[in-house]
Amino acid sequence: MVETIRVLYVGSDRDADTPPEMHLEYADDRLTVESVPNADAGVDSIATGVVDCVVAEYTLPETTGVALLKAVREDYPEIPFVLFSADGSEAVASEAISAGVTEYVRRDEQDAYDRLAARIVDAVRGSDTAVPGPSSGNAETSASTDERATRLRELERTEARFEALAQQTTLGVLTIDAESVVQYANDGITELFGYPPEEMVGESLLTIIPERFHDDHRAAIARYLDSGDRQLDWEWIELPGRHRDGTEIPLGISFGETTIDGERRFTGIVRDISERKRQQRQRTETLQALQQLYEITADTDRSFEEKVTRLLEFGCERFDFEYGFLSRIEPGPDGGEGSGTQRIVYAHGTHPLLQPGETCPLSEAYCRKTIQVEDLLVVADAVEAGWESDPAYETFELGSYVGGKVRANGELYGTFCFASSEPRETPITDAEQTLVRLMSEWVSYELETGLVTTELERQNERLDEFASVLAHDLRNPLNVATGRVEILRDESENEHLETVSDALDRMDTLIDDVLTLAEGGRTVTDTTAVELSVIAAESWETVETDRATLQTEGNVTLQADRSRFRQLLENLFRNAIDHVGEDVTVTVGALENGFFVADDGPGIPSEQRGQVFESGYTTAEDGTGFGLAIVREIAQAHDWTVSVTEGDDGGARFEIMTGS
C-alpha cells in the first residue's frame, strides 16, 4: 500500500488565495505535491528527483501538456501522467488518449481537485512504480525475456488505460491500423453506427464509410503513408458515415497518429454533427429568406398590394403553410375584447373563409388572441394547445398558426398571419418567427405611410374644393359686375364708375392670388431634380422686369415641383420690383442647405419681418398682401423653411432652407 504519493504538478493555475498543490494535499493527505510553472522545469524535476505521478495542465507556456506527455513517455514510459485540462474539446481528449495519457480530468467541472486526487491515487496504485531520475549504474541493456515481459506488461497497461479513458466518453472512439482495419472501438461507436465493438474490431473501416468515398479514403491513406516519417497533425474533418441500416450520418472527426509497439495506429474521436449541420442549413436558409424579403419589399415597380400578396405567397412557401392573410380588425361598438369584426384584406391559399372581403365576428377568429398577446401568437398544434373547443378552431379548423399585430399611426390595424389545416410536424422556429415579425412590421410601416399620404390627399382635395368655389362662385358674379360697369360707361360718364371698375379689378387680382395661394398650399408629392440657375432664368423671363437686373451666385440642384418652384421665384422677383423699383438688382445664390434671393433696396425693418409672410399684409398701396404668403405656402408644401433677413447691400434677403 502506498503511504505517500509524490506528485509533480506542472502548470501555472492559481486561485486568488489557494495554489493547486494546496488543493490536492487538502483533498488527500497522502499526496505530497511539488509545483513547477512550465514544461522545462517539469522535465528537470523528473530527472533529478523521485516522482510517483505527473499532473500537467493542457495549456503551458510555449507548449502543451500533451507535448510534455510525449517527452516524458520517451524516457519514462511507465510513469503515471494525468492531464488536468480546462479545455474539454474532443480534439484535446483524442490527442491525450492517443499520446498515452493515464488519466484525463477536466478542470472546469465540479469538485475537480477531489476527482483529480482520486485519479492520481488510482493511477499510482495501478502502476505501483516510482520513477527515479536516470540511473548512473550499469549502462548496458539486453533484450532479455524479463525486459520483453516488462515491455509487454507496459503495453498492456497502456492499452488498458486507453480503453478505460475511451469508455468514459459518450463520443465514438475508433483506432485503425495502416491497412484501415479497426483495432479498437468503444460503445460510442455502437451508438453512432449500430455495430457492437466486438463486431467492428478486425473489420475494414470501409464498413462505415459510404461506398462513393471508398476510393478517396484508400488514396488518402496511401498518400499519407508514402510521405515518410511525418507525424500526422491533429485535425478536424467533416464527412458522412454509414449506419448499419444504410442511412448516412454527418460526422465530425478529430484524429491523429500514434505508434504502438512499432505499429502505426490512427485514432479518431467521432461525433454526430447532424444538429450542427441542421443549424448551419437554417442559418443559410434564414439569410436567403432575408434577402428575398428585402428584394420583395424594395421593388419599386410593385404596388403595395402586389408586395403584400408576394409576401404572403413567399411566407407560405418558406414556412410550409397553406394559407397567408392580412386582416383588418374593425372594433365593435362597445370596444370590448373579442367584439368587432375581422375582414380579410389580402390572402394567399384556397381556404374559403380566408379570401379577400370575407368577414367573421372577431370572437370566432384566431386574430382575437393575436391582438391580445405582446408579441406573436404561435400555435404549432391547435388541439395540443387547447384550441379544440375554441370558436375559432370550430369555424376555421386551423391546426397550426402564427401571426403578428399590424399597427398604423399608433392604432391597431389588424394582423398578418400564416396558417394550415394540419398541425406542424416541427415547431415554428425562432428564425421563422423573426421573419413573420419583420413582415408584420414592414406592413405596419407601409400602411402608416399610406394612411399619411391619404390624409395629405384629403387636404389637397379640400384646397381644390376651395379653389373651385373661388373660380366659379366668386368669379362668375364678378364677371357679371364688370360687364355691367362697361355698359354703364357707354351710357353715362359717372365718375364713380371708374372707382367701381378699379375695385372690381382689385377683386379679380385678389381671386387670382388666393387661387395661387391655395395651389401653393397643396403638399408636394411628386418632385424632379431642377437646377436653381435654370429655374431662376426661366422665372425672370415671365416677370415684367424692365430695367431690373438678375445676378446668380453659384448653383445648386434641388428636388422640387418645377411649376410651383417657378411661382415661388416669380413672387420674390415681383416683390423686389414692387418695393425697390425698376432699377433693382436681384441676386439668386446657393447656400449649403438651400438658396437665397436678395435685392439691393432699402430692406425690411426688423420689426416688420415677422409679418411679411402673413396673408393680406402689404405696404404697397395696390398690393394684395398674398405674394409672400404664397412664397411661404409653396416652401412649406416642399417641406422647406423660408425666412427674411438683411442682405449684404442692406436690402431684403430671403433664405429658403431645403434641408438637403
# chains A, B, ... in the order shown; residues from 1 in each chain; ligands from 1
call {"tool": "residues_around", "arguments": {"residues": "Gln567 in chain A", "least_positions_apart": "5", "cutoff": "10 Å", "atoms": "only C-alpha atoms", "output": "number ranges by chain"}}
result
A: 516, 520, 535, 539, 542, 562, 572-573, 627, 630-631, 634
call {"tool": "residues_around", "arguments": {"residues": "range 19-34 of chain A", "least_positions_apart": "3", "cutoff": "8 Å", "atoms": "only C-alpha atoms", "output": "PyMOL selection string"}}
result
chain A and resi 3-9+13-15+113-114+116-118
call {"tool": "write_last_selection", "arguments": {"atoms": "C-alpha atoms", "output": "CSV table (one decimal), in the first residue's frame"}}
result
chain,number,residue,atom,x,y,z
A,3,GLU,CA,1.8,5.6,2.1
A,4,THR,CA,3.0,8.8,0.4
A,5,ILE,CA,2.5,9.7,-3.2
A,6,ARG,CA,4.9,12.2,-4.7
A,7,VAL,CA,3.2,14.4,-7.3
A,8,LEU,CA,4.7,16.8,-9.7
A,9,TYR,CA,2.2,19.5,-10.8
A,13,ASP,CA,-3.1,27.6,-12.3
A,14,ARG,CA,-3.5,29.8,-9.3
A,15,ASP,CA,-6.7,30.8,-7.5
A,113,TYR,CA,-9.5,18.7,-7.4
A,114,ASP,CA,-11.2,16.0,-5.4
A,116,LEU,CA,-8.0,14.7,-9.7
A,117,ALA,CA,-6.7,13.5,-6.3
A,118,ALA,CA,-8.7,10.2,-6.6
call {"tool": "closest_residue", "arguments": {"among": "A:Leu311, A:Asp375, A:Arg242, A:Glu358", "to": "Ala298 in chain A", "atoms": "only C-alpha atoms"}}
result
A:Leu311
call {"tool": "residues_around", "arguments": {"residues": "Ser400 in chain A", "least_positions_apart": "6", "cutoff": "8 Å", "atoms": "only C-alpha atoms", "output": "PyMOL selection string"}}
result
chain A and resi 379-382+419-424
call {"tool": "write_last_selection", "arguments": {"atoms": "C-alpha atoms", "output": "short mmCIF file (atom, residue, chain, number, x, y, z; two decimals), in the first residue's frame"}}
result
data_model
loop_
_atom_site.label_atom_id
_atom_site.label_comp_id
_atom_site.auth_asym_id
_atom_site.auth_seq_id
_atom_site.Cartn_x
_atom_site.Cartn_y
_atom_site.Cartn_z
CA VAL A 379 -49.66 27.66 -32.35
CA ALA A 380 -47.84 24.62 -33.75
CA ASP A 381 -50.64 22.19 -32.81
CA ALA A 382 -54.04 23.75 -32.09
CA ALA A 419 -51.84 29.03 -41.03
CA SER A 420 -52.53 25.46 -42.12
CA SER A 421 -55.35 23.00 -41.63
CA GLU A 422 -52.94 20.42 -40.20
CA PRO A 423 -50.65 20.75 -37.16
CA ARG A 424 -46.98 21.41 -37.79
#
call {"tool": "select_by_dssp", "arguments": {"residues": "range 233-467 of chain A", "states": "alpha helix (DSSP H)", "output": "PyMOL selection string"}}
result
chain A and resi 274-297+304-319+367-370+391-396+430-467
